[in-house]
Amino acid sequence: MIVAPVEPRRVVITGVGAVTPAGDDAATTFATALAGRSTASPIGTWDPEGHPVRFAAQIPDFDPAAVIAPRDARRIDRVSQLGLVAAEEALTQAGLVGDADEAAIDRTRVAVVVGSGVGGILTLEDQIEVRVTRGVERVSPLLIPMMMANATSGLIALRHGFRGSAFSVATACASGADSIGTGLDLIRAGRADIVVAGGAEAAITPTAMAAFARMGALSTRNDDPTAASRPFDRDRDGFVMGEGAGVLVLEAADHAAGRGATVLGELAGYGSTCDAHHITAPDPDGAGAVACMLQALADAGLGPEAIGHVNAHGTSTPLNDAAESLAMAKVFGTPPPTTSTKGVTGHLVGATGAVEAILALLAARAGTVPPVANLVETDVPADLDLVRDAPRSIAVAPVLSNSFGFGGHNASLVLVPAGR
Amino acid sequence: MERTEILDAVYDACVEILKVDKAELSETTSFADDLDADSLALVEVVMQLEEQFDLRIPEDDLDDVATIGAAADVVATHLAAA
């Protein structure tokens with residue numbers, strides 16, 4: 001007989017992993033974020049001549065060989081390679097790879113929810129060109145398993161033998177955060193004991209870059225890429241496309257305690273709303289974002305005054321940063337110290353919410369908030385306490401991380417560092 | 001065309017796509033049992049051979065292709081018909 005628990009299970013984080021333009025692991029990414037220098041550079045993997053935007057935040061020399069055999073790597077799109085490597089780091093930290101614990105867990109109770117904005121678009125774009133230039137008979141039989149949005153979740157489950165739910169959440173730039181929130185829900189609902197949750201994106205392709213540029217979403221600061229991503233700064237002119245993956249091991253607190261896992265923090269709250277305002281533009285009043293943040297705080301059972309810092313979505317687009325500032329002022333009155341790590345990492349799209357949840361947790365644990373890169377003078381309409389120039393020391397306290405996506409999606413997470 | 005030349009092309013396709021050591025390959029090597037190649041990998045190997053020899057091998061002709069030697073036979077048959 002299944003008896004529903006009276007109190008929802010608490011959910012903790014027992015591992016984190018990241019591969020980003022700022023580092024090949026979570027710790028290096030955090031150290032680079034603290035240094036506050038942009039990682040954007042001219043596009044080097046294809047010729048961007050003629051493109052309005054010719055730079056991005058790329059992962060140089062990404063080598064998945066330690067995790068993915070060369071034979072498998074050629075059957076796996078870059079987006080899933082990034083996700084697999086980030087998952088390996090997170091699962092290793094959680095003590096779920098390569099030792100007795102791996103065998104000890106019930107794998108039917110492990111779920112995988114790793115989202116993406118667009119999935120394997122590098123492969124799709126490449127194969128469309130193959131079809132057009134060389135004919136339908138030359139289209140790869142691997143295109144579908146490489147491009148499908150759920151490939152990363154399926155491959156992580158396959159590699160580790162996790163046989164619980166495995167699916168992917170697609171809410172554009174909120175995908176990573178919504179995947180983590182969905183993982184929280186799965187554990188609370190009793191559907192899983194462990195959820196491997198996060199996001200991955202590898203969409204620095206000629207067509208995607210052209211399309212984002214045509215929307216007017218990207219910074220066009222081609223002559224000075226490292227100054228292009230400048231969240232909340234007066235001279236911001238768009239986001240900088242990035243790529244990467246972030247994965248967290250979410251675990252029911254009782255399950256983690258039962259196997260003696262080290263707890264990094266608690267995933268205490270999740271908010272999820274939709275603006276229902278415009279397919280890409282944020283609601284200028286930020287009503288959906290306000291509701292989302294309040295929902296996450298209520299879910300965590302915390303008031304706004306308990307939040308030690310905010311990792312804002314802060315894309316460096318004129319519209320987002322203005323609307324987000326207004327929303328934060330409505331939620332907090334006087335907002336706590338606020339950063340956007342996108343100044344350093346660029347915008348990792350479907351991975352961004354996961355990578356930022358990790359950076360937010362590491363900052364909250366350390367009591368050190370990374371500065372906003374390139375922030376000289378702000379012009380956002382609400383008064384924010386933006387961290388600039390150097391890392392800011394704060395008390396160890398819960399953190400709120402925001403992610404907003406095209407489609408009007410808002411996702412907020414509240415993470416509480418362990419040991420407080 | 002000499003059969004050894006066709007066989008060599010099959011070996012090369014296996015080396016490139018399946019990342020195996022050429023020295024381990026022979027006519028009797030089984031794609032599934034020895035090389036752990038699934039049907040998608042076999043399609044890739046055959047596509048490379050089609051490209052190299054400028055052939056079109058129908059999917060149905062792959063049903064009985066279990067070994068490297070059988071793949072070479074299919075290529076030889078289509079080359080002869082071309």
# chains A, B, ... in the order shown; residues from 1 in each chain; ligands from 1
>>> interface_residues(of="chain B", to="chain A", cutoff="6 Å", atoms="only C-alpha atoms", output="list in words")
Leu18, Lys19 and Leu40 of chain B
>>> select_by_dssp(residues="segment 28-191 of chain A", states="helix (DSSP H, G or I)", output="number ranges by chain")
A: 28-35, 64-66, 70-73, 78-93, 100-104, 107-109, 121-134, 136-138, 143-147, 151-160, 172-188
>>> residues_around(residues="segment 59-72 of chain B", least_positions_apart="4", cutoff="8 Å", atoms="only C-alpha atoms", output="JSON, numbers by chain")
{"B": [3, 6, 7, 10, 11, 26, 27, 28, 29, 30, 31, 32, 46, 76]}
>>> closest_atom_pairs(of="segment 95-143 of chain A", to="segment 161-179 of chain A", cutoff="9 Å", atoms="only C-alpha atoms", output="JSON lines")
{"residue": "A:Asp106", "atom": "CA", "partner": "A:Phe162", "partner_atom": "CA", "distance": 8.6}
{"residue": "A:Arg107", "atom": "CA", "partner": "A:Phe162", "partner_atom": "CA", "distance": 4.8}
{"residue": "A:Thr108", "atom": "CA", "partner": "A:Arg163", "partner_atom": "CA", "distance": 4.4}
{"residue": "A:Arg109", "atom": "CA", "partner": "A:Gly164", "partner_atom": "CA", "distance": 5.3}
{"residue": "A:Val110", "atom": "CA", "partner": "A:Gly164", "partner_atom": "CA", "distance": 5.0}
{"residue": "A:Ala111", "atom": "CA", "partner": "A:Gly164", "partner_atom": "CA", "distance": 4.6}
{"residue": "A:Val112", "atom": "CA", "partner": "A:Ala166", "partner_atom": "CA", "distance": 4.6}
{"residue": "A:Val113", "atom": "CA", "partner": "A:Ser168", "partner_atom": "CA", "distance": 5.3}
{"residue": "A:Val114", "atom": "CA", "partner": "A:Ser168", "partner_atom": "CA", "distance": 5.4}
{"residue": "A:Gly115", "atom": "CA", "partner": "A:Ser168", "partner_atom": "CA", "distance": 4.5}
{"residue": "A:Ser116", "atom": "CA", "partner": "A:Ala170", "partner_atom": "CA", "distance": 5.7}
{"residue": "A:Gly117", "atom": "CA", "partner": "A:Ala172", "partner_atom": "CA", "distance": 4.2}
{"residue": "A:Val118", "atom": "CA", "partner": "A:Ala172", "partner_atom": "CA", "distance": 7.5}
>>> closest_residue(among="A:Arg234, A:Arg54, A:Lys330, A:Arg78", to="Ala200 of chain A", atoms="only C-alpha atoms")
A:Arg78
>>> closest_residue(among="B:Asp73, B:Leu25, B:Cys14, B:Leu55", to="Leu42 of chain B", atoms="only C-alpha atoms")
B:Cys14
>>> select_by_dssp(residues="segment 52-280 of chain A", states="strand (DSSP E or B)", output="PyMOL selection string")
chain A and resi 55-57+110-115+166-167+194-201+218+233+239+241-242+244-252+265-274
>>> atom_distance(atom1="atom CA of Gly271 of chain A", atom2="atom CA of Asp383 of chain A")
23.3 Å
>>> atom_distance(atom1="atom CA of Gly408 of chain A", atom2="atom CA of Ala323 of chain A")
12.5 Å
>>> residues_around(residues="Ile17 of chain B", least_positions_apart="6", cutoff="8 Å", atoms="only C-alpha atoms", output="PyMOL selection string")
(chain A and resi 71) or (chain B and resi 41+44-45)
>>> write_last_selection(atoms="C-alpha atoms", output="short mmCIF file (atom, residue, chain, number, x, y, z; two decimals), in the first residue's frame")
data_model
loop_
_atom_site.label_atom_id
_atom_site.label_comp_id
_atom_site.auth_asym_id
_atom_site.auth_seq_id
_atom_site.Cartn_x
_atom_site.Cartn_y
_atom_site.Cartn_z
CA ARG A 71 33.23 6.05 -31.13
CA ALA B 41 26.25 2.18 -37.38
CA GLU B 44 26.74 4.72 -41.64
CA VAL B 45 29.37 2.25 -42.82
#
>>> atom_distance(atom1="atom CA of Gly242 of chain A", atom2="atom CA of Gly119 of chain A")
14.1 Å
>>> decode(residues="segment 240-298 of chain A", atoms="C-alpha atoms", output="PDB file, in the first residue's frame")
ATOM      1  CA  VAL A 240      26.089  37.322 -25.747  1.00  0.00           C
ATOM      2  CA  MET A 241      25.381  33.821 -26.984  1.00  0.00           C
ATOM      3  CA  GLY A 242      27.031  31.138 -24.896  1.00  0.00           C
ATOM      4  CA  GLU A 243      27.143  27.359 -24.664  1.00  0.00           C
ATOM      5  CA  GLY A 244      27.531  24.895 -21.837  1.00  0.00           C
ATOM      6  CA  ALA A 245      25.841  22.623 -19.350  1.00  0.00           C
ATOM      7  CA  GLY A 246      25.014  22.561 -15.669  1.00  0.00           C
ATOM      8  CA  VAL A 247      23.769  19.528 -13.764  1.00  0.00           C
ATOM      9  CA  LEU A 248      22.775  19.084 -10.121  1.00  0.00           C
ATOM     10  CA  VAL A 249      22.121  15.910  -8.198  1.00  0.00           C
ATOM     11  CA  LEU A 250      18.882  16.509  -6.292  1.00  0.00           C
ATOM     12  CA  GLU A 251      18.138  14.004  -3.591  1.00  0.00           C
ATOM     13  CA  ALA A 252      15.488  13.429  -0.976  1.00  0.00           C
ATOM     14  CA  ALA A 253      17.064  14.577   2.291  1.00  0.00           C
ATOM     15  CA  ASP A 254      16.258  11.304   4.040  1.00  0.00           C
ATOM     16  CA  HIS A 255      17.780   9.335   1.167  1.00  0.00           C
ATOM     17  CA  ALA A 256      20.968  11.404   1.229  1.00  0.00           C
ATOM     18  CA  ALA A 257      21.234  11.014   5.003  1.00  0.00           C
ATOM     19  CA  GLY A 258      20.640   7.284   4.707  1.00  0.00           C
ATOM     20  CA  ARG A 259      23.667   6.777   2.500  1.00  0.00           C
ATOM     21  CA  GLY A 260      25.817   9.346   4.285  1.00  0.00           C
ATOM     22  CA  ALA A 261      26.064  11.713   1.328  1.00  0.00           C
ATOM     23  CA  THR A 262      27.601  15.154   1.766  1.00  0.00           C
ATOM     24  CA  VAL A 263      24.896  17.814   1.477  1.00  0.00           C
ATOM     25  CA  LEU A 264      25.843  21.041  -0.309  1.00  0.00           C
ATOM     26  CA  GLY A 265      22.555  22.759   0.331  1.00  0.00           C
ATOM     27  CA  GLU A 266      18.798  22.494   0.135  1.00  0.00           C
ATOM     28  CA  LEU A 267      16.647  23.183  -2.894  1.00  0.00           C
ATOM     29  CA  ALA A 268      13.954  24.825  -0.835  1.00  0.00           C
ATOM     30  CA  GLY A 269      11.657  26.572  -3.283  1.00  0.00           C
ATOM     31  CA  TYR A 270      10.562  26.790  -6.889  1.00  0.00           C
ATOM     32  CA  GLY A 271       8.361  29.300  -8.645  1.00  0.00           C
ATOM     33  CA  SER A 272       7.051  28.921 -12.189  1.00  0.00           C
ATOM     34  CA  THR A 273       4.803  31.345 -14.062  1.00  0.00           C
ATOM     35  CA  CYS A 274       4.163  32.605 -17.587  1.00  0.00           C
ATOM     36  CA  ASP A 275       3.862  36.276 -18.552  1.00  0.00           C
ATOM     37  CA  ALA A 276       1.193  35.577 -21.194  1.00  0.00           C
ATOM     38  CA  HIS A 277       2.188  38.970 -22.537  1.00  0.00           C
ATOM     39  CA  HIS A 278       4.286  38.487 -25.711  1.00  0.00           C
ATOM     40  CA  ILE A 279       6.093  35.516 -27.230  1.00  0.00           C
ATOM     41  CA  THR A 280       9.537  37.063 -26.728  1.00  0.00           C
ATOM     42  CA  ALA A 281       9.311  40.449 -24.983  1.00  0.00           C
ATOM     43  CA  PRO A 282       9.057  40.436 -21.189  1.00  0.00           C
ATOM     44  CA  ASP A 283       6.073  42.068 -19.550  1.00  0.00           C
ATOM     45  CA  PRO A 284       7.508  45.538 -18.890  1.00  0.00           C
ATOM     46  CA  ASP A 285       5.847  45.615 -15.468  1.00  0.00           C
ATOM     47  CA  GLY A 286       7.403  42.268 -14.586  1.00  0.00           C
ATOM     48  CA  ALA A 287       4.125  40.998 -13.122  1.00  0.00           C
ATOM     49  CA  GLY A 288       4.860  37.387 -14.088  1.00  0.00           C
ATOM     50  CA  ALA A 289       8.370  37.612 -12.672  1.00  0.00           C
ATOM     51  CA  VAL A 290       7.044  39.101  -9.421  1.00  0.00           C
ATOM     52  CA  ALA A 291       4.543  36.284  -9.042  1.00  0.00           C
ATOM     53  CA  CYS A 292       7.255  33.755  -9.826  1.00  0.00           C
ATOM     54  CA  MET A 293       9.701  35.049  -7.203  1.00  0.00           C
ATOM     55  CA  LEU A 294       6.946  35.283  -4.572  1.00  0.00           C
ATOM     56  CA  GLN A 295       5.881  31.732  -5.381  1.00  0.00           C
ATOM     57  CA  ALA A 296       9.439  30.453  -4.922  1.00  0.00           C
ATOM     58  CA  LEU A 297       9.828  32.282  -1.599  1.00  0.00           C
ATOM     59  CA  ALA A 298       6.484  30.981  -0.320  1.00  0.00           C
TER      60      ALA A 298
END
